[in-house]
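Chemist: Before I ask anything, let me first share the structure, which is written out below as structure tokens.
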Amino acid sequence: HVQLVESGGGLVQPGESLRLSCVASGITFSRHDMSWVRQAPGKEVEWVAGITSLPSLFRAASYADSVKGRFTISRDNAKNMLYLQMNSLKPEDSALYYCVAWEAGYWGPGTQVTVS
């Protein structure tokens with residue numbers, strides 16, 4: 001039974017930071033490229049950041065232009081954990097944030113981030 005469970009969302013003021021976490025179970029986490037995506041009310045799903053499954057020496061991260069320089073994605077394969085450090089948050093970052101293993105089609109239930 002595959003589970004991705006996000007945590008760490010909340011209500012913050014503009015300029016503040018949050019760190020989202022996602023714990024994976026039921027999958028060989030280290031073999032999956034992982035992403036964070038978000039969806040604001042009335043808007044389409046937006047890809048936020050992705051990180052490859054490669055060993056740390058070769059691991060690559062990529063970001064949407066809207067979050068580049070403010071967000072950092074990372075992972076700890078030993079703990080089956082995915083993270084998203086979000087700094088300098090803006091009201092437009094408010095959304096439901098999902099942890100996703102795209103190729104396998106696994107999504108978590110999401111964690112709400114509100115910047116206001």
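Numbering starts fresh at 1 for the residues of each chain in the structure tokens, the chains themselves are lettered A, B, ... in the order given, and ligands are numbered from 1 as they appear.
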For Lys43 in chain A, work out the shell of residues within 12 Å, counting only C-alpha atoms and skipping chain neighbours fewer than 3 positions away, then give it as a list in words.
Modeler: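 My list of contacting residues is Arg38, Gln39, Ala40, Glu46, Glu92, Ser94, Ala95 and Leu96 of chain A.
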Chemist: Using only C-alpha atoms, determine which residues lie at most 7 Å from Met86 in chain A, disregarding the query and same-chain residues fewer than 5 positions distant; provide the list as JSON, numbers by chain.
Modeler: {"A": [17, 18, 19, 70, 71, 72]}
Chemist: Generate a file of the selected residues that holds N, CA, C and O atoms, formatted as a CSV table (one decimal), in the first residue's frame.
Modeler:
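Output file out.csv follows:
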chain,number,residue,atom,x,y,z
A,17,SER,N,8.9,31.9,6.3
A,17,SER,CA,9.4,30.6,5.7
A,17,SER,C,8.5,29.5,6.2
A,17,SER,O,8.0,29.5,7.3
A,18,LEU,N,8.5,28.4,5.4
A,18,LEU,CA,7.9,27.1,5.9
A,18,LEU,C,8.8,26.0,5.3
A,18,LEU,O,9.4,26.2,4.2
A,19,ARG,N,8.8,24.9,5.9
A,19,ARG,CA,9.4,23.7,5.4
A,19,ARG,C,8.4,22.6,5.3
A,19,ARG,O,7.9,22.1,6.4
A,70,ARG,N,14.0,31.0,-4.2
A,70,ARG,CA,13.3,31.1,-2.9
A,70,ARG,C,13.0,29.7,-2.3
A,70,ARG,O,13.0,29.6,-1.1
A,71,PHE,N,12.8,28.7,-3.1
A,71,PHE,CA,12.4,27.4,-2.7
A,71,PHE,C,13.6,26.4,-2.9
A,71,PHE,O,14.3,26.6,-3.9
A,72,THR,N,13.7,25.5,-2.0
A,72,THR,CA,14.8,24.4,-2.2
A,72,THR,C,14.2,23.1,-1.9
A,72,THR,O,13.6,22.8,-0.9
Chemist: Rank A:Pro109, A:Gly15, A:Pro91, A:Gly50 by their smallest atom-to-atom distance to Tyr63 in chain A, using only C-alpha atoms, and report the top residue only.
Modeler: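 Smallest distance to Tyr63 in chain A is found for A:Gly50.
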Chemist: Run DSSP on the backbone of this structure and report the residues of chain A it assigns to strand (DSSP E), as a ChimeraX atom specification.
Modeler: /A:3-7,10-12,18-25,34-39,46-51,61-63,71-76,81-86,95-101,106-107,111-115
Chemist: At a cut-off of 12 Å, using only C-alpha atoms, what residues contact Gly105 in chain A? Leave out same-chain residues fewer than 4 positions from it and give the result as a PyMOL selection string.
Modeler: chain A and resi 2-4+27+32-35+99-101
Chemist: So which residues touch Ser116 in chain A within 7 Å, counting only C-alpha atoms, skipping near sequence neighbours fewer than 4 positions away, as a ChimeraX atom specification?
Modeler: /A:12-14,91
